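A.B. asks: What follows is entry_12.cif, made up of mmCIF, C-alpha atoms:
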```
data_entry
#
loop_
_atom_site.label_atom_id
_atom_site.label_comp_id
_atom_site.auth_asym_id
_atom_site.auth_seq_id
_atom_site.Cartn_x
_atom_site.Cartn_y
_atom_site.Cartn_z
CA MET A 1 107.91 94.95 86.37
CA PHE A 2 109.90 93.74 83.38
CA LEU A 3 112.86 92.78 85.59
CA ALA A 4 110.55 91.14 88.14
CA ARG A 5 109.41 88.74 85.39
CA LEU A 6 112.81 88.31 83.76
CA ILE A 7 115.04 87.64 86.79
CA PRO A 8 113.25 84.46 88.07
CA ARG A 9 113.11 83.09 84.53
CA MET A 10 116.81 83.61 83.88
CA CYS A 11 118.19 82.91 87.38
CA HIS A 12 116.48 79.74 88.57
CA THR A 13 117.86 80.11 92.11
CA ILE A 14 115.91 83.39 92.53
CA ASN A 15 112.18 83.04 93.07
CA ARG A 16 111.23 86.44 94.55
CA VAL A 17 111.89 90.01 93.42
CA VAL A 18 111.24 92.78 95.99
CA TYR A 19 111.51 96.54 95.58
CA VAL A 20 113.04 97.90 98.80
CA PHE A 21 112.14 101.48 99.78
CA GLY A 22 114.63 103.89 101.32
CA SER A 23 118.15 104.83 100.40
CA HIS A 24 120.25 102.74 98.01
CA VAL A 25 121.11 99.31 99.48
CA LYS A 26 124.86 99.50 100.04
CA GLU A 27 125.47 96.05 101.53
CA PRO A 28 123.26 93.05 100.67
CA PRO A 29 122.34 90.67 103.50
CA THR A 30 124.78 87.78 103.84
CA ASP A 31 123.01 85.97 106.69
CA VAL A 32 119.68 86.12 108.51
CA THR A 33 118.52 87.50 111.83
CA PRO A 34 117.55 84.73 114.30
CA THR A 35 113.76 85.03 114.54
CA PHE A 36 111.33 83.12 116.74
CA LEU A 37 107.56 83.30 117.14
CA THR A 38 107.69 85.44 120.25
CA THR A 39 104.98 87.78 121.44
CA GLY A 40 106.97 90.86 120.41
CA VAL A 41 107.70 89.62 116.88
CA LEU A 42 104.08 88.57 116.30
CA SER A 43 102.77 91.83 117.75
CA THR A 44 104.92 93.89 115.38
CA LEU A 45 103.86 91.77 112.42
CA ARG A 46 100.17 92.14 113.33
CA GLN A 47 100.59 95.89 113.74
CA ALA A 48 102.26 96.23 110.31
CA ASP A 49 99.51 94.06 108.78
CA PHE A 50 96.79 96.19 110.41
CA VAL A 51 98.36 99.46 109.22
CA ALA A 52 98.75 98.25 105.62
CA HIS A 53 95.21 96.84 105.39
CA SER A 54 93.68 99.93 107.03
CA ILE A 55 95.32 102.20 104.45
CA LEU A 56 94.21 99.94 101.61
CA ARG A 57 90.62 99.92 102.94
CA GLU A 58 90.59 103.72 103.40
CA SER A 59 91.82 104.23 99.83
CA GLY A 60 88.90 102.28 98.40
CA TYR A 61 91.17 99.87 96.48
CA SER A 62 90.71 96.83 98.72
CA GLY A 63 88.23 95.34 96.23
CA LYS A 64 90.84 95.43 93.47
CA ILE A 65 93.37 93.30 95.39
CA SER A 66 92.63 89.62 96.08
CA GLN A 67 95.20 89.14 98.83
CA MET A 68 97.79 91.30 100.59
CA PRO A 69 99.92 89.41 103.12
CA VAL A 70 102.42 91.43 105.14
CA ILE A 71 105.61 89.47 105.80
CA LEU A 72 108.33 90.04 108.39
CA THR A 73 111.64 88.86 106.89
CA PRO A 74 114.83 88.16 108.87
CA LEU A 75 116.95 90.28 106.51
CA HIS A 76 119.28 93.00 107.79
CA PHE A 77 120.42 95.29 104.97
CA ASP A 78 123.39 97.69 104.87
CA ARG A 79 125.62 96.07 107.48
CA ASP A 80 129.25 96.93 106.89
CA SER A 81 130.89 93.55 106.20
CA SER A 82 134.26 94.80 107.46
CA GLN A 83 132.83 95.38 110.97
CA ARG A 84 131.50 91.81 111.24
CA GLN A 85 128.30 92.86 113.04
CA PRO A 86 125.76 90.08 113.57
CA SER A 87 122.43 90.29 111.79
CA CYS A 88 119.97 91.84 114.27
CA ARG A 89 117.29 93.67 112.25
CA ARG A 90 114.27 92.56 110.26
CA SER A 91 112.44 93.95 107.25
CA VAL A 92 108.78 94.10 106.23
CA VAL A 93 107.49 93.07 102.78
CA VAL A 94 104.00 93.77 101.43
CA ARG A 95 102.70 91.34 98.77
CA THR A 96 99.84 92.79 96.73
CA PHE A 97 98.24 89.99 94.73
CA ILE A 98 95.50 89.73 92.08
CA THR A 99 93.98 86.36 91.17
CA SER A 100 90.73 84.82 90.03
CA ASP A 101 91.46 81.24 91.12
CA PHE A 102 94.04 81.56 93.96
CA MET A 103 96.27 79.17 92.05
CA THR A 104 98.14 81.67 89.87
CA GLY A 105 98.29 85.44 89.94
CA ILE A 106 100.12 88.69 89.40
CA PRO A 107 101.29 91.44 91.76
CA ALA A 108 99.01 94.49 91.87
CA THR A 109 100.95 97.28 90.20
CA PRO A 110 100.31 100.87 91.38
CA GLY A 111 99.15 102.98 88.46
CA LYS A 112 97.96 99.91 86.54
CA HIS A 113 95.88 97.64 88.80
CA ILE A 114 95.45 100.31 91.47
CA PRO A 115 94.59 103.35 89.30
CA GLU A 116 94.62 107.04 90.22
CA GLY A 117 96.80 107.50 93.23
CA GLY A 118 97.97 103.92 93.52
CA ASN A 119 101.56 105.08 94.04
CA GLU A 120 100.44 107.35 96.87
CA VAL A 121 98.60 104.46 98.56
CA VAL A 122 101.72 102.26 98.52
CA LEU A 123 103.96 105.12 99.70
CA LYS A 124 101.52 105.88 102.53
CA MET A 125 101.64 102.20 103.58
CA VAL A 126 105.44 102.23 103.57
CA ASN A 127 105.64 105.50 105.53
CA GLU A 128 103.08 104.39 108.13
CA ILE A 129 104.74 100.98 108.60
CA LYS A 130 108.04 102.80 109.20
CA LYS A 131 106.37 104.67 112.09
CA ILE A 132 105.72 101.45 113.98
CA PRO A 133 108.12 101.32 116.95
CA GLY A 134 111.22 99.42 115.96
CA ILE A 135 110.92 99.94 112.19
CA SER A 136 113.44 102.42 110.83
CA PRO A 137 113.00 104.52 107.69
CA GLY A 138 115.75 102.64 105.85
CA ASP A 139 118.35 105.36 106.17
CA VAL A 140 121.66 104.41 107.72
CA ARG A 141 121.87 107.05 110.44
CA PRO A 142 123.51 106.74 113.86
CA ASP A 143 120.26 107.47 115.73
CA LEU A 144 118.60 104.49 113.99
CA GLN A 145 121.34 101.90 114.51
CA THR A 146 119.52 100.34 117.47
CA SER A 147 116.33 99.66 115.47
CA ARG A 148 115.25 96.01 115.24
CA TYR A 149 113.43 96.47 111.90
CA HIS A 150 115.12 98.02 108.95
CA ARG A 151 113.48 98.14 105.52
CA VAL A 152 110.03 98.03 103.93
CA GLY A 153 109.58 96.49 100.49
CA VAL A 154 106.92 95.46 97.98
CA GLU A 155 107.10 92.10 96.24
CA LEU A 156 106.82 92.27 92.44
CA THR A 157 107.02 88.56 91.54
CA GLU A 158 104.24 86.76 89.69
CA ARG A 159 102.98 83.61 91.44
CA GLU A 160 103.19 80.26 89.81
CA LYS A 161 100.58 77.56 90.25
CA GLY A 162 100.04 76.50 93.86
CA VAL A 163 102.18 79.11 95.68
CA THR A 164 99.69 81.87 96.49
CA GLY A 165 99.85 81.47 100.29
CA ARG A 166 97.23 81.90 103.01
CA PRO A 167 95.55 84.90 104.63
CA PRO A 168 97.69 86.72 107.24
CA LEU A 169 97.44 85.61 110.90
CA SER A 170 95.84 88.85 112.04
CA ARG A 171 92.85 88.22 109.75
CA LEU A 172 92.12 84.67 110.91
CA ASP A 173 88.86 84.53 112.82
CA PRO A 174 88.86 82.15 115.83
CA ARG A 175 85.32 81.07 114.82
CA ALA A 176 86.66 80.01 111.41
CA LEU A 177 89.33 77.93 113.14
CA ARG A 178 86.62 76.22 115.24
CA ASP A 179 84.69 75.49 112.03
CA ARG A 180 87.77 73.77 110.61
CA ASP A 181 88.33 71.71 113.77
CA PRO A 182 84.99 71.00 115.52
CA SER A 183 86.78 69.21 118.37
CA LEU A 184 87.98 72.62 119.64
CA GLU A 185 84.41 73.67 120.33
CA LYS A 186 83.65 70.61 122.48
CA ARG A 187 86.69 70.97 124.73
CA THR A 188 86.68 72.96 127.93
CA PRO A 189 89.36 75.70 128.34
CA THR A 190 91.46 73.43 130.58
CA GLU A 191 91.37 70.62 127.98
CA GLN A 192 92.56 72.99 125.24
CA LYS A 193 95.80 73.74 127.10
#
```
Could you take the file, read its structure, and then write that structure out as structure tokens?
C.D. replies:
Amino acid sequence: MFLARLIPRMCHTINRVVYVFGSHVKEPPTDVTPTFLTTGVLSTLRQADFVAHSILRESGYSGKISQMPVILTPLHFDRDSSQRQPSCRRSVVVRTFITSDFMTGIPATPGKHIPEGGNEVVLKMVNEIKKIPGISPGDVRPDLQTSRYHRVGVELTEREKGVTGRPPLSRLDPRALRDRDPSLEKRTPTEQK
């Protein structure tokens, strides 16, 4: 956690610090995987979000965390730069967040903010997310080279004022969306298209 606070303060071009699970990262990403809001991408993101939140709820620690978005990032780690392979995999990042005002906050640290077994809860999330079809365990093995998703990480960066984010898409209730935009309720299904 010390480095997660120090790095953004010293290197102003870095605003996020993520711990990436799996084997040692041999090659950092040099470009991004082209990613669009397709049904498959959104489905995988929703499935990862559901798995992570289910494990948190089962552990009994969901009341200790204010927000936990699950993010699909277009980063492909460990590509051999000499082979000039295009970026084709994605990674998943879990952001555990504690706040009282949703303006500023700190990451929930296993063993500190999530006591007794907090490390096991995070490791269970990581291992279950890796089981989702298309997410590899982070090892560079020949049988996993065709995987579309590559690594799972946990963000460790503190949030500054105004950058806490919104709830994940899978937790948005359609009724809440109607409450925000009453005109949706008055339209017929053909008018909404």
A.B. asks: Here is a test: counting all atoms listed in the file, which residue of A:Glu155, A:Met68, A:Leu37, A:Leu42 is nearest to Ser54 of chain A?
C.D. replies: A:Met68
A.B. asks: Would you kindly return, as a PyMOL selection string, each protein, DNA or RNA residue with an atom no farther than 8 Å from any atom of Pro29 of chain A, considering only C-alpha atoms and excluding same-chain residues fewer than 5 positions away?
C.D. replies: chain A and resi 75-79
A.B. asks: Can those selected residues be exported to a file as a JSON list (two decimals), keeping the file's coordinate frame so that it contains C-alpha atoms?
C.D. replies:
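What ended up in again_1.json:
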```json
[["chain", "number", "residue", "atom", "x", "y", "z"],
["A", 75, "LEU", "CA", 116.95, 90.28, 106.51],
["A", 76, "HIS", "CA", 119.28, 93.00, 107.79],
["A", 77, "PHE", "CA", 120.42, 95.29, 104.97],
["A", 78, "ASP", "CA", 123.39, 97.69, 104.87],
["A", 79, "ARG", "CA", 125.62, 96.07, 107.48]]
```
A.B. asks: Taking all atoms listed in the file into account, name the residue in A:Ser87, A:Leu45, A:His113, A:Val51 that is nearest to Gly63 of chain A.
C.D. replies: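 Ranking A:Ser87, A:Leu45, A:His113, A:Val51 by distance to Gly63 of chain A, first place goes to A:His113.
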A.B. asks: Restricting the calculation to all atoms listed in the file, which member of A:Ala48, A:Val32, A:Ile98, A:Leu6 is positioned closest to Pro74 of chain A?
C.D. replies: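 With all atoms listed in the file as the atom set, the closest residue is A:Val32.
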A.B. asks: Which residues fall under the PyMOL selection byres ((chain A and resi 25) around 10) in this file, as a VMD selection string?
C.D. replies: chain A and resid 20 to 24 26 to 29 77 to 79 138 to 140 151
A.B. asks: Using the chain letters and numbers from this file, what does the PyMOL selection byres ((chain A and resi 71) around 10) select? Give the answer as a list in words.
C.D. replies: Leu45, Arg46, Ala48, Asp49, Met68, Pro69, Val70, Leu72, Thr73, Pro74, Ser91, Val92, Val93, Val94, Arg95, Val152, Gly153, Val154 and Pro168 of chain A
A.B. asks: Here is a test: counting all atoms listed in the file, which residue of A:Ser66, A:Ser59, A:Glu158, A:Asn15 is nearest to Phe102 of chain A?
C.D. replies: A:Ser66
A.B. asks: Between A:Thr96, A:Gln83, A:Thr104, A:Thr44, which is the closest to Val122 of chain A once you count all atoms listed in the file?
C.D. replies: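 When distances to Val122 of chain A are compared using all atoms listed in the file, the smallest one comes from A:Thr96.
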A.B. asks: From the set A:Leu123, A:Glu128, A:Ile55, A:Leu156, which residue has the shortest atom-to-atom contact distance to Phe97 of chain A, counting all atoms listed in the file?
C.D. replies: A:Leu156
A.B. asks: Skipping near chain neighbours, those fewer than 3 positions away, what residues fall within 10 Å of Lys124 of chain A using all atoms listed in the file, listed as a PyMOL selection string?
C.D. replies: chain A and resi 51-52+55-56+118-121+127-130
A.B. asks: Have a look at atom CA of Gln85 of chain A and atom CA of Ile14 of chain A and let me know their distance in Å, one decimal.
C.D. replies: 25.8 Å
A.B. asks: Just give me the gap between atom CA of Pro110 of chain A and atom CA of Thr13 of chain A in Å, one decimal is fine.
C.D. replies: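 Computing the Euclidean distance for atom CA of Pro110 of chain A and atom CA of Thr13 of chain A yields 27.2 Å.
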A.B. asks: Adding 8 Å on each side of the box along x, y and z that holds all listed atoms of segment 57-74 of chain A, could you give its centre and edge lengths in Å to one decimal, as AutoDock Vina command-line options?
C.D. replies:
```
--center_x 101.5 --center_y 96.2 --center_z 101.2 --size_x 42.6 --size_y 32.1 --size_z 31.4
```
A.B. asks: Mind pulling up the distance from atom CA of Arg16 of chain A to atom CA of Gly111 of chain A?
C.D. replies: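 Separation of atom CA of Gly111 of chain A and atom CA of Arg16 of chain A: 21.4 Å.
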